[in-house]
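Visitor: If it helps, the file is called coords-v4.cif and holds mmCIF, C-alpha atoms and all ligand atoms:
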```cif
data_input
#
loop_
_atom_site.label_atom_id
_atom_site.label_comp_id
_atom_site.auth_asym_id
_atom_site.auth_seq_id
_atom_site.Cartn_x
_atom_site.Cartn_y
_atom_site.Cartn_z
CA MET F 1 -95.71 126.12 59.20
CA ASP F 2 -92.68 126.96 57.12
CA GLN F 3 -91.30 125.88 53.76
CA LEU F 4 -90.31 122.25 53.24
CA LYS F 5 -86.50 121.80 53.19
CA ILE F 6 -85.01 118.76 51.46
CA THR F 7 -81.64 117.12 52.17
CA LEU F 8 -81.09 114.34 49.65
CA ASN F 9 -79.65 110.96 50.59
CA SER F 10 -76.43 110.48 48.62
CA ASN F 11 -76.24 106.84 49.66
CA LYS F 12 -79.36 105.28 48.17
CA LYS F 13 -80.20 101.62 48.79
CA PRO F 14 -81.71 99.20 46.28
CA MET F 15 -85.22 97.92 47.02
CA PRO F 16 -85.27 94.18 47.85
CA PRO F 17 -87.17 91.94 45.38
CA ALA F 18 -90.95 92.36 45.70
CA ASP F 19 -91.48 88.75 46.86
CA GLN F 20 -89.16 89.26 49.84
CA LEU F 21 -90.62 92.45 51.25
CA GLY F 22 -92.80 91.14 54.11
CA PHE F 23 -94.25 93.88 56.30
CA GLY F 24 -92.27 96.80 57.70
CA ARG F 25 -88.82 95.27 57.33
CA TYR F 26 -87.20 97.66 54.88
CA PHE F 27 -87.33 101.43 54.87
CA THR F 28 -86.86 103.88 52.04
CA ASP F 29 -84.07 106.44 51.56
CA HIS F 30 -85.77 109.45 53.15
CA MET F 31 -88.05 110.46 56.02
CA LEU F 32 -90.09 113.52 56.89
CA LEU F 33 -89.54 115.38 60.17
CA MET F 34 -91.08 118.39 61.88
CA ASP F 35 -90.61 119.81 65.36
CA TYR F 36 -93.00 121.43 67.79
CA SER F 37 -92.35 123.73 70.70
CA GLU F 38 -94.76 125.90 72.64
CA GLU F 39 -92.97 129.06 71.55
CA LYS F 40 -92.61 128.27 67.86
CA GLY F 41 -95.51 125.89 67.18
CA TRP F 42 -94.80 123.41 64.38
CA HIS F 43 -91.60 124.36 62.58
CA ASP F 44 -88.65 123.09 60.57
CA LEU F 45 -90.56 120.81 58.20
CA ARG F 46 -87.86 118.81 56.44
CA ILE F 47 -87.06 115.72 54.41
CA VAL F 48 -83.76 114.12 55.40
CA PRO F 49 -81.98 110.79 54.74
CA TYR F 50 -83.61 107.90 56.65
CA GLY F 51 -81.70 107.20 59.85
CA PRO F 52 -81.69 106.98 63.66
CA LEU F 53 -83.16 109.70 65.85
CA SER F 54 -81.28 111.26 68.71
CA LEU F 55 -83.42 111.75 71.83
CA ASP F 56 -82.71 112.54 75.44
CA PRO F 57 -83.24 109.40 77.57
CA SER F 58 -85.66 111.41 79.69
CA ALA F 59 -87.80 112.30 76.65
CA THR F 60 -91.29 111.76 77.97
CA VAL F 61 -92.44 109.42 75.19
CA PHE F 62 -90.24 106.75 76.82
CA HIS F 63 -91.87 107.17 80.22
CA TYR F 64 -95.43 108.37 79.85
CA GLY F 65 -96.14 107.18 76.33
CA GLN F 66 -97.47 110.23 74.54
CA GLU F 67 -97.48 108.85 71.00
CA VAL F 68 -99.97 108.66 68.16
CA PHE F 69 -99.60 107.08 64.75
CA GLU F 70 -101.29 106.39 61.45
CA GLY F 71 -101.03 103.78 58.72
CA MET F 72 -101.90 104.19 55.07
CA LYS F 73 -100.77 102.81 51.74
CA ALA F 74 -99.62 104.14 48.36
CA TYR F 75 -100.39 101.94 45.36
CA ARG F 76 -98.95 101.85 41.86
CA THR F 77 -101.70 101.97 39.25
CA PRO F 78 -101.57 100.00 35.99
CA GLU F 79 -100.55 103.27 34.26
CA GLY F 80 -97.59 103.59 36.60
CA ASN F 81 -98.97 106.48 38.70
CA VAL F 82 -98.87 106.47 42.50
CA VAL F 83 -102.09 106.97 44.46
CA LEU F 84 -103.15 107.13 48.10
CA PHE F 85 -106.47 105.94 49.53
CA ARG F 86 -108.50 108.59 51.45
CA PRO F 87 -105.38 110.08 53.11
CA GLU F 88 -107.24 113.15 54.38
CA MET F 89 -109.14 110.79 56.69
CA ASN F 90 -105.88 109.54 58.18
CA LEU F 91 -104.78 113.08 58.96
CA ARG F 92 -108.14 113.97 60.44
CA ARG F 93 -107.98 110.85 62.63
CA MET F 94 -104.42 111.64 63.67
CA ASN F 95 -105.57 115.05 64.85
CA ALA F 96 -108.43 113.42 66.79
CA SER F 97 -105.91 111.05 68.41
CA CYS F 98 -103.73 114.08 69.30
CA VAL F 99 -106.65 115.77 71.06
CA ARG F 100 -107.26 112.67 73.21
CA MET F 101 -103.56 112.33 74.07
CA GLY F 102 -103.05 116.00 74.92
CA MET F 103 -100.80 116.54 71.92
CA PRO F 104 -100.73 119.39 69.38
CA GLY F 105 -102.62 118.87 66.12
CA LEU F 106 -101.22 119.31 62.62
CA GLU F 107 -102.29 121.39 59.67
CA ALA F 108 -103.60 118.60 57.46
CA GLY F 109 -103.24 120.26 54.04
CA PRO F 110 -99.54 121.18 54.10
CA VAL F 111 -98.65 117.95 55.93
CA LEU F 112 -100.35 115.82 53.25
CA GLU F 113 -98.52 117.81 50.60
CA ALA F 114 -95.20 117.14 52.34
CA ILE F 115 -96.02 113.41 52.64
CA CYS F 116 -96.74 113.34 48.89
CA LYS F 117 -93.40 115.05 48.26
CA LEU F 118 -91.64 112.40 50.36
CA ILE F 119 -93.36 109.59 48.42
CA GLU F 120 -92.48 111.27 45.13
CA LEU F 121 -88.83 111.44 46.17
CA ASP F 122 -88.80 107.73 47.08
CA GLU F 123 -91.12 106.73 44.25
CA ALA F 124 -88.82 103.91 43.12
CA TRP F 125 -89.82 102.16 46.36
CA VAL F 126 -93.50 101.88 45.41
CA PRO F 127 -93.53 98.22 44.34
CA GLU F 128 -95.40 97.00 41.30
CA GLY F 129 -97.59 93.92 41.31
CA GLU F 130 -100.97 93.09 42.74
CA GLY F 131 -101.14 93.30 46.52
CA ASN F 132 -97.80 95.11 46.89
CA SER F 133 -97.76 98.69 48.17
CA LEU F 134 -95.75 101.34 49.96
CA TYR F 135 -96.89 101.55 53.58
CA ILE F 136 -96.75 105.02 55.10
CA ARG F 137 -96.31 105.40 58.84
CA PRO F 138 -96.79 108.95 60.17
CA PHE F 139 -96.31 109.24 63.93
CA MET F 140 -95.81 111.83 66.65
CA ILE F 141 -93.83 111.53 69.88
CA ALA F 142 -93.27 113.67 72.97
CA THR F 143 -89.60 114.66 72.86
CA GLU F 144 -89.32 117.06 75.79
CA ALA F 145 -86.62 116.04 78.26
CA GLY F 146 -87.59 115.70 81.93
CA LEU F 147 -89.56 113.33 84.12
CA GLY F 148 -92.27 115.72 85.31
CA VAL F 149 -95.68 114.18 84.83
CA ARG F 150 -97.61 116.47 82.51
CA ALA F 151 -98.29 116.83 78.82
CA ALA F 152 -94.99 117.56 77.07
CA ARG F 153 -94.25 120.95 75.52
CA GLU F 154 -92.08 119.57 72.72
CA TYR F 155 -92.94 117.01 70.07
CA GLN F 156 -91.63 115.58 66.85
CA PHE F 157 -93.74 114.48 63.88
CA ILE F 158 -92.11 111.83 61.69
CA VAL F 159 -93.12 109.97 58.53
CA ILE F 160 -91.34 106.79 57.41
CA LEU F 161 -92.06 104.64 54.36
CA THR F 162 -91.75 100.89 53.95
CA PRO F 163 -92.47 98.80 50.84
CA VAL F 164 -94.70 95.88 51.79
CA GLY F 165 -95.52 92.64 50.02
CA ALA F 166 -98.98 91.22 49.41
CA TYR F 167 -100.79 90.45 52.66
CA TYR F 168 -102.24 87.35 51.01
CA SER F 169 -99.45 85.80 48.97
CA GLU F 170 -101.63 82.73 48.33
CA GLY F 171 -104.99 84.48 47.93
CA ILE F 172 -107.44 85.76 50.53
CA HIS F 173 -108.13 83.10 53.19
CA PRO F 174 -109.87 82.87 56.59
CA VAL F 175 -108.20 82.93 60.00
CA ARG F 176 -108.89 81.41 63.44
CA ILE F 177 -109.94 83.84 66.15
CA TYR F 178 -109.79 83.50 69.93
CA VAL F 179 -112.41 85.47 71.87
CA GLU F 180 -110.37 87.05 74.67
CA ASP F 181 -112.15 86.65 78.00
CA GLN F 182 -109.43 87.67 80.44
CA TYR F 183 -107.72 90.82 79.16
CA VAL F 184 -109.41 93.87 77.64
CA ARG F 185 -108.04 96.33 75.13
CA ALA F 186 -109.84 99.53 76.07
CA VAL F 187 -112.70 101.02 78.02
CA ARG F 188 -115.10 103.82 77.24
CA GLY F 189 -113.47 107.07 78.34
CA GLY F 190 -110.04 105.49 77.87
CA THR F 191 -107.86 105.74 74.77
CA GLY F 192 -109.44 103.01 72.65
CA GLU F 193 -110.61 105.42 69.97
CA ALA F 194 -107.15 107.00 69.61
CA LYS F 195 -104.50 105.35 67.43
CA THR F 196 -101.86 105.30 70.12
CA SER F 197 -99.08 102.88 71.01
CA GLY F 198 -100.41 102.15 74.51
CA ASN F 199 -103.45 100.35 73.12
CA TYR F 200 -101.10 98.06 71.23
CA ALA F 201 -98.75 97.56 74.18
CA SER F 202 -101.63 96.42 76.36
CA GLY F 203 -102.86 93.99 73.71
CA LEU F 204 -99.64 92.19 72.82
CA LYS F 205 -99.71 89.67 75.69
CA ALA F 206 -103.17 88.41 74.71
CA GLN F 207 -102.09 88.20 71.09
CA GLU F 208 -99.00 86.13 71.98
CA ASP F 209 -101.06 83.77 74.16
CA ALA F 210 -103.61 83.29 71.37
CA LYS F 211 -100.82 82.53 68.88
CA GLN F 212 -99.50 79.83 71.20
CA PHE F 213 -102.89 78.14 71.09
CA GLY F 214 -102.94 78.27 67.29
CA PHE F 215 -105.11 81.35 66.75
CA SER F 216 -103.99 84.21 64.56
CA GLN F 217 -105.82 87.06 66.37
CA VAL F 218 -107.94 87.79 69.41
CA LEU F 219 -111.44 89.19 69.35
CA TRP F 220 -111.73 91.89 72.00
CA LEU F 221 -114.83 92.23 74.16
CA ASP F 222 -115.89 95.44 75.92
CA GLY F 223 -113.89 96.33 78.99
CA VAL F 224 -116.79 96.53 81.44
CA GLU F 225 -119.03 93.51 80.99
CA LYS F 226 -116.89 91.45 78.59
CA LYS F 227 -120.10 90.79 76.70
CA TYR F 228 -120.05 93.03 73.65
CA ILE F 229 -117.83 92.76 70.60
CA GLU F 230 -115.29 95.52 69.98
CA GLU F 231 -112.53 94.69 67.49
CA VAL F 232 -110.46 91.82 66.21
CA GLY F 233 -106.70 92.27 66.69
CA SER F 234 -106.10 95.74 65.32
CA MET F 235 -108.99 95.57 62.88
CA ASN F 236 -112.65 96.53 62.98
CA VAL F 237 -115.01 93.60 62.66
CA PHE F 238 -118.17 92.80 60.67
CA PHE F 239 -120.64 89.90 60.76
CA LYS F 240 -123.26 88.83 58.25
CA VAL F 241 -126.19 87.34 60.10
CA ASN F 242 -129.25 86.14 58.23
CA GLY F 243 -128.63 88.42 55.24
CA LYS F 244 -127.93 91.52 57.34
CA VAL F 245 -124.47 92.96 58.09
CA VAL F 246 -123.69 94.20 61.60
CA THR F 247 -120.63 95.93 63.05
CA PRO F 248 -120.02 97.43 66.49
CA GLU F 249 -121.03 101.09 66.72
CA LEU F 250 -118.33 103.70 67.41
CA SER F 251 -118.90 103.84 71.14
CA GLY F 252 -115.72 105.59 72.24
CA SER F 253 -113.58 102.51 72.86
CA ILE F 254 -113.00 101.30 69.29
CA LEU F 255 -111.08 102.85 66.45
CA ALA F 256 -112.91 104.53 63.58
CA GLY F 257 -111.26 102.57 60.76
CA ILE F 258 -111.09 104.06 57.29
CA THR F 259 -111.56 100.59 55.81
CA ARG F 260 -114.59 100.20 58.13
CA ASP F 261 -116.04 103.44 56.80
CA SER F 262 -115.37 102.40 53.20
CA VAL F 263 -117.00 98.98 53.73
CA LEU F 264 -120.10 100.62 55.26
CA HIS F 265 -120.23 102.95 52.28
CA LEU F 266 -120.03 100.11 49.73
CA LEU F 267 -122.62 97.98 51.56
CA ARG F 268 -125.08 100.90 51.58
CA GLU F 269 -124.38 101.57 47.88
CA TRP F 270 -125.10 97.92 47.14
CA GLY F 271 -128.38 98.01 49.07
CA ILE F 272 -127.25 95.43 51.62
CA PRO F 273 -128.91 96.01 55.01
CA VAL F 274 -126.30 97.10 57.55
CA GLU F 275 -126.44 98.12 61.21
CA GLU F 276 -123.91 99.76 63.51
CA ARG F 277 -124.88 98.67 67.01
CA ARG F 278 -123.86 96.80 70.14
CA ILE F 279 -123.39 93.10 69.36
CA GLY F 280 -123.37 90.57 72.18
CA ILE F 281 -120.91 87.69 71.85
CA ASP F 282 -123.66 85.36 73.10
CA GLU F 283 -126.00 86.66 70.38
CA LEU F 284 -123.38 85.85 67.77
CA PHE F 285 -122.66 82.34 69.01
CA GLU F 286 -126.41 81.74 69.22
CA ALA F 287 -126.74 82.83 65.55
CA GLY F 288 -123.87 80.48 64.75
CA ARG F 289 -125.65 77.61 66.48
CA ARG F 290 -128.82 78.31 64.47
CA GLY F 291 -126.76 78.36 61.26
CA GLU F 292 -127.47 82.08 60.67
CA LEU F 293 -123.94 83.42 61.04
CA GLU F 294 -123.07 83.53 57.37
CA GLU F 295 -119.81 85.48 57.29
CA ALA F 296 -117.38 87.30 59.55
CA PHE F 297 -114.41 89.48 58.62
CA GLY F 298 -112.00 92.04 59.99
CA THR F 299 -111.18 95.30 58.18
CA GLY F 300 -107.98 97.35 58.23
CA THR F 301 -105.43 98.98 55.93
CA ALA F 302 -102.95 96.07 56.13
CA ALA F 303 -105.22 93.16 55.16
CA VAL F 304 -108.13 95.24 53.76
CA ILE F 305 -110.56 92.32 54.41
CA SER F 306 -109.59 89.42 56.67
CA PRO F 307 -112.21 86.66 56.64
CA ILE F 308 -112.82 84.80 59.91
CA GLY F 309 -113.32 81.06 59.49
CA TRP F 310 -113.36 79.85 63.09
CA MET F 311 -114.07 81.48 66.43
CA LYS F 312 -113.49 80.08 69.93
CA TRP F 313 -115.16 81.56 73.03
CA GLU F 314 -114.72 79.89 76.41
CA ASP F 315 -115.44 76.21 75.68
CA ARG F 316 -117.42 76.83 72.49
CA GLU F 317 -116.06 76.87 68.97
CA ILE F 318 -117.88 77.71 65.74
CA GLU F 319 -117.02 77.44 62.10
CA ILE F 320 -118.16 80.25 59.81
CA SER F 321 -118.80 79.92 56.06
CA GLY F 322 -117.55 76.36 56.27
CA GLY F 323 -114.09 77.76 57.04
CA LYS F 324 -113.99 79.39 53.60
CA THR F 325 -114.00 82.99 52.42
CA GLY F 326 -117.64 84.12 52.11
CA ALA F 327 -118.99 85.62 48.90
CA LEU F 328 -119.58 89.08 50.41
CA SER F 329 -116.11 89.19 52.01
CA GLU F 330 -114.58 88.32 48.66
CA LYS F 331 -116.67 90.90 46.79
CA LEU F 332 -115.72 93.65 49.26
CA TYR F 333 -112.06 92.67 49.02
CA ASN F 334 -112.09 92.76 45.22
CA GLU F 335 -113.97 96.06 45.04
CA LEU F 336 -111.85 97.86 47.63
CA THR F 337 -108.49 96.65 46.36
CA GLY F 338 -109.60 97.38 42.78
CA ILE F 339 -110.38 100.99 43.67
CA GLN F 340 -107.20 101.31 45.73
CA ARG F 341 -104.94 100.00 42.96
CA GLY F 342 -106.55 102.16 40.32
CA VAL F 343 -107.93 99.15 38.43
CA PHE F 344 -111.61 100.03 39.00
CA ARG F 345 -113.48 103.29 38.59
CA ASP F 346 -113.42 105.52 41.65
CA PRO F 347 -116.99 106.91 41.86
CA TYR F 348 -116.49 108.09 45.47
CA GLY F 349 -113.34 110.11 44.89
CA TRP F 350 -111.31 107.97 47.28
CA ARG F 351 -108.03 107.97 45.34
CA HIS F 352 -105.56 110.80 45.83
CA ALA F 353 -102.81 111.21 43.25
CA VAL F 354 -99.36 111.71 44.79
CA LYS F 355 -98.39 114.17 42.08
C1 LIG V 401 -105.57 101.21 62.58
C2 LIG V 401 -106.58 100.41 63.32
C3 LIG V 401 -107.74 99.88 62.73
C4 LIG V 401 -108.01 99.94 61.23
O1 LIG V 401 -108.12 101.22 60.73
P1 LIG V 401 -107.94 101.46 59.16
O2 LIG V 401 -108.06 102.93 59.03
O3 LIG V 401 -109.05 100.73 58.49
O4 LIG V 401 -106.61 100.92 58.80
C5 LIG V 401 -108.67 99.23 63.52
N1 LIG V 401 -108.45 99.07 64.85
C6 LIG V 401 -107.35 99.54 65.46
C7 LIG V 401 -107.19 99.34 66.91
C8 LIG V 401 -106.38 100.22 64.72
O5 LIG V 401 -105.29 100.68 65.35
#
```
Transcribe the structure of this file into structure tokens.
Guide:
Amino acid sequence: MDQLKITLNSNKKPMPPADQLGFGRYFTDHMLLMDYSEEKGWHDLRIVPYGPLSLDPSATVFHYGQEVFEGMKAYRTPEGNVVLFRPEMNLRRMNASCVRMGMPGLEAGPVLEAICKLIELDEAWVPEGEGNSLYIRPFMIATEAGLGVRAAREYQFIVILTPVGAYYSEGIHPVRIYVEDQYVRAVRGGTGEAKTSGNYASGLKAQEDAKQFGFSQVLWLDGVEKKYIEEVGSMNVFFKVNGKVVTPELSGSILAGITRDSVLHLLREWGIPVEERRIGIDELFEAGRRGELEEAFGTGTAAVISPIGWMKWEDREIEISGGKTGALSEKLYNELTGIQRGVFRDPYGWRHAVK
């Protein structure tokens, strides 16, 4: 990989007010690009002004969908520094996604350094205020022109940055979940454990249907028997049953979330019994009926912790934690966001300074 070249944007935009940011609506002044070809490998690492890409209409990403992406956040600490949360895990996961999708991996060290340089350049876009952050979206697409069906020989790696507002503008609160019993998101041996656009494309219809019925997300069941819990929306999912926390094991069809890993770590530190295993949806509703389903929550970079207050499966509906945020969900949320924002001590070395 060669030296990073920087072309500055001479036409900088102002950042919108922090309370109007939303999610992924505004983009910063610069982006990071790098090209891949079989002959040259990864080359031409560069920061350029943010703007449209120019691609041949036959570029294979449009037809056969070779794409992988990542999502992570940069936070402004009370001292005014900018920090990332476990970014080396994102790059490792991106490389794992690349392997599954037949795409070339990246050299994590220099790429992370270049991402930090990009953030440093657009540092004015890292919003202040609790809950606000700069969302970082690295992604890779197949750019080779031609409709032949095979793994492409040319790719582009791109990183864009978007300032995002607080996920919970009115405080952390529970959502209603629809247990999807018609469509499935992924199967073992498929691409469920890769962070790739196709998994999202195949899930959007179910999500729209659920929204129409007044639910905010779907809970995905396994693709074979539609019996075992996988994920909720694009988050990993945890349940507290009778004092013990359970989450689906990484079986090959779910994504290995970094928030999931961090939650498991904290629970073990706190001495709370936790199991990664197959969880039947019937088992869960049975626990709910007995009054033993104490809490449920999704985990992911965007929401960090998303408590689940109600769940509907076929003709059955249960309320969890009285439709309120459970004590453990709240504690995890406070601890994780405190570490991420640089407000709490970081005993696990999870923060990564941008400069
Ligand atoms: C990104 C993602 C997650 C959450 O991963 P984090 O690293 O915690 O943000 C969970 N499930 C799916 C399908 C995802 O794409």
Visitor: Nearest residue to Glu144 in chain F out of F:Ala303, F:Val48, F:Leu55, F:Leu336, using only C-alpha atoms?
Guide: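 Of F:Ala303, F:Val48, F:Leu55, F:Leu336, the one nearest Glu144 in chain F, counting only C-alpha atoms, is F:Leu55.
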Visitor: Calculated over all atoms listed in the file, which of the candidates F:Asp181, F:Glu128, F:Glu113, F:Glu230 has the smallest distance to ligand LIG 401 (chain V)?
Guide: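 Of F:Asp181, F:Glu128, F:Glu113, F:Glu230, the one nearest ligand LIG 401 (chain V), counting all atoms listed in the file, is F:Glu230.
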Visitor: Pick out the residues no farther than 6 Å from ligand LIG 401 (chain V), counting all atoms listed in the file, and list them as an MDAnalysis selection string.
Guide: chainID F and resid 195 234:236 255 257:260 299:301
Visitor: Using all atoms listed in the file, determine which residues lie at most 8 Å from Ser97 in chain F, disregarding the query and same-chain residues fewer than 4 positions distant; provide the list as a VMD selection string.
Guide: chain F and resid 68 93 101 193 to 196
Visitor: Let's have the selection written as a short mmCIF file (atom, residue, chain, number, x, y, z; two decimals), in the coordinates of the input, with C-alpha atoms.
Guide:
```
data_model
loop_
_atom_site.label_atom_id
_atom_site.label_comp_id
_atom_site.auth_asym_id
_atom_site.auth_seq_id
_atom_site.Cartn_x
_atom_site.Cartn_y
_atom_site.Cartn_z
CA VAL F 68 -99.97 108.66 68.16
CA ARG F 93 -107.98 110.85 62.63
CA MET F 101 -103.56 112.33 74.07
CA GLU F 193 -110.61 105.42 69.97
CA ALA F 194 -107.15 107.00 69.61
CA LYS F 195 -104.50 105.35 67.43
CA THR F 196 -101.86 105.30 70.12
#
```
Visitor: So what do you get for CA of Glu123 in chain F versus CA of Asp346 in chain F, distance-wise?
Guide: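 Going from CA of Glu123 in chain F over to CA of Asp346 in chain F, I get 22.5 Å.
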Visitor: Please provide as a VMD selection string all residues within 8 Å of Glu249 in chain F, with the sequence filter that same-chain residues fewer than 5 positions apart are discarded (counting only C-alpha atoms).
Guide: chain F and resid 276 to 278
Visitor: Give me, as number ranges by chain, all polymer residues having an atom no more than 12 Å from Ser251 in chain F, counting only C-alpha atoms and skipping those fewer than 3 positions away in the same chain.
Guide: F: 186-193, 222-223, 228-231, 247-248, 254-256, 276-279
Visitor: Can you measure CA of Gln3 in chain F to CA of Arg153 in chain F for me? One decimal in Å is fine.
Guide: 22.5 Å
Visitor: Within 12 Å of Ile119 in chain F, counting all atoms listed in the file, which residues show up once you throw out same-chain ones fewer than 6 positions away? Write them as a PDB file with C-alpha atoms, in the frame of the given file, please.
Guide:
```pdb
ATOM      1  CA  THR F  28     -86.860 103.880  52.040  1.00  0.00           C
ATOM      2  CA  ASP F  29     -84.070 106.440  51.560  1.00  0.00           C
ATOM      3  CA  HIS F  30     -85.770 109.450  53.150  1.00  0.00           C
ATOM      4  CA  MET F  31     -88.050 110.460  56.020  1.00  0.00           C
ATOM      5  CA  LEU F  32     -90.090 113.520  56.890  1.00  0.00           C
ATOM      6  CA  ILE F  47     -87.060 115.720  54.410  1.00  0.00           C
ATOM      7  CA  LYS F  73    -100.770 102.810  51.740  1.00  0.00           C
ATOM      8  CA  ALA F  74     -99.620 104.140  48.360  1.00  0.00           C
ATOM      9  CA  TYR F  75    -100.390 101.940  45.360  1.00  0.00           C
ATOM     10  CA  ARG F  76     -98.950 101.850  41.860  1.00  0.00           C
ATOM     11  CA  ASN F  81     -98.970 106.480  38.700  1.00  0.00           C
ATOM     12  CA  VAL F  82     -98.870 106.470  42.500  1.00  0.00           C
ATOM     13  CA  VAL F  83    -102.090 106.970  44.460  1.00  0.00           C
ATOM     14  CA  LEU F  84    -103.150 107.130  48.100  1.00  0.00           C
ATOM     15  CA  LEU F 112    -100.350 115.820  53.250  1.00  0.00           C
ATOM     16  CA  GLU F 113     -98.520 117.810  50.600  1.00  0.00           C
ATOM     17  CA  TRP F 125     -89.820 102.160  46.360  1.00  0.00           C
ATOM     18  CA  VAL F 126     -93.500 101.880  45.410  1.00  0.00           C
ATOM     19  CA  SER F 133     -97.760  98.690  48.170  1.00  0.00           C
ATOM     20  CA  LEU F 134     -95.750 101.340  49.960  1.00  0.00           C
ATOM     21  CA  TYR F 135     -96.890 101.550  53.580  1.00  0.00           C
ATOM     22  CA  ILE F 136     -96.750 105.020  55.100  1.00  0.00           C
ATOM     23  CA  ARG F 137     -96.310 105.400  58.840  1.00  0.00           C
ATOM     24  CA  VAL F 159     -93.120 109.970  58.530  1.00  0.00           C
ATOM     25  CA  ILE F 160     -91.340 106.790  57.410  1.00  0.00           C
ATOM     26  CA  LEU F 161     -92.060 104.640  54.360  1.00  0.00           C
ATOM     27  CA  THR F 162     -91.750 100.890  53.950  1.00  0.00           C
ATOM     28  CA  PRO F 163     -92.470  98.800  50.840  1.00  0.00           C
ATOM     29  CA  ALA F 353    -102.810 111.210  43.250  1.00  0.00           C
ATOM     30  CA  VAL F 354     -99.360 111.710  44.790  1.00  0.00           C
ATOM     31  CA  LYS F 355     -98.390 114.170  42.080  1.00  0.00           C
TER      32      LYS F 355
END
```
Visitor: Looking at F:Asp122, F:Glu170, F:Glu225, F:Glu330, which one is nearest to Val304 in chain F, with distances taken over only C-alpha atoms?
Guide: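 The shortest atom-to-atom distance to Val304 in chain F comes from F:Glu330.
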Visitor: My list of candidates is F:Gly291, F:Gly338, F:Pro110, F:Gly349. Which is closest to Thr77 in chain F when distances are computed with all atoms listed in the file?
Guide: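 Comparing F:Gly291, F:Gly338, F:Pro110, F:Gly349 against Thr77 in chain F, the winner is F:Gly338.
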Visitor: Closest to Phe27 in chain F among F:Leu4, F:Val164, F:Leu332, F:Ala151, using only C-alpha atoms?
Guide: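 Residue with the minimum atom-to-atom distance to Phe27 in chain F: F:Val164.
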Visitor: Please determine, counting only C-alpha atoms, which residue among F:Ser169, F:Gln212, F:Asn242, F:Asn90 has the shortest atom-to-atom distance to Leu284 in chain F.
Guide: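 Using only C-alpha atoms, the shortest distance to Leu284 in chain F belongs to F:Asn242.
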Visitor: Mind pulling up the distance from CA of Ile177 in chain F to CA of Met311 in chain F?
Guide: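 Atom-to-atom, CA of Met311 in chain F and CA of Ile177 in chain F are spaced 4.8 Å apart.
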Visitor: Near Leu219 in chain F, counting only C-alpha atoms, which residues have an atom at most 7 Å away, once you skip same-chain residues fewer than 4 positions from it, shown as a ChimeraX atom specification?
Guide: /F:177-180,231-233
Visitor: So which residues fall inside 8 Å of (-82.3, 115.8, 71.7) if we count only C-alpha atoms? Mind giving them as a CSV table (one decimal) with C-alpha atoms, keeping the file's coordinate frame?
Guide:
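Result saved to part31.csv:
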```csv
chain,number,residue,atom,x,y,z
F,54,SER,CA,-81.3,111.3,68.7
F,55,LEU,CA,-83.4,111.8,71.8
F,56,ASP,CA,-82.7,112.5,75.4
F,143,THR,CA,-89.6,114.7,72.9
F,145,ALA,CA,-86.6,116.0,78.3
```
Visitor: Could you write range 296-307 of chain F as a short mmCIF file (atom, residue, chain, number, x, y, z; two decimals), keeping the file's coordinate frame, with N, CA and C atoms rebuilt where they are missing?
Guide:
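The new file selection-v1.cif reads:
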```
data_model
loop_
_atom_site.label_atom_id
_atom_site.label_comp_id
_atom_site.auth_asym_id
_atom_site.auth_seq_id
_atom_site.Cartn_x
_atom_site.Cartn_y
_atom_site.Cartn_z
N ALA F 296 -118.01 86.40 58.58
CA ALA F 296 -117.38 87.30 59.55
C ALA F 296 -116.05 87.74 58.95
N PHE F 297 -115.71 89.03 59.14
CA PHE F 297 -114.41 89.48 58.62
C PHE F 297 -113.93 90.73 59.36
N GLY F 298 -112.61 90.85 59.43
CA GLY F 298 -112.00 92.04 59.99
C GLY F 298 -111.67 93.01 58.85
N THR F 299 -111.56 94.30 59.18
CA THR F 299 -111.18 95.30 58.18
C THR F 299 -110.06 96.19 58.70
N GLY F 300 -109.08 96.46 57.84
CA GLY F 300 -107.98 97.35 58.23
C GLY F 300 -107.10 97.59 57.01
N THR F 301 -106.27 98.61 57.07
CA THR F 301 -105.43 98.98 55.93
C THR F 301 -104.50 97.84 55.50
N ALA F 302 -103.95 97.10 56.47
CA ALA F 302 -102.95 96.07 56.13
C ALA F 302 -103.56 94.94 55.31
N ALA F 303 -104.64 94.31 55.84
CA ALA F 303 -105.22 93.16 55.16
C ALA F 303 -106.37 93.55 54.23
N VAL F 304 -106.92 94.73 54.41
CA VAL F 304 -108.13 95.24 53.76
C VAL F 304 -109.35 94.46 54.29
N ILE F 305 -109.50 93.18 53.87
CA ILE F 305 -110.56 92.32 54.41
C ILE F 305 -109.88 91.04 54.89
N SER F 306 -110.16 90.66 56.14
CA SER F 306 -109.59 89.42 56.67
C SER F 306 -110.72 88.50 57.12
N PRO F 307 -111.09 87.53 56.29
CA PRO F 307 -112.21 86.66 56.64
C PRO F 307 -111.91 85.84 57.90
#
```
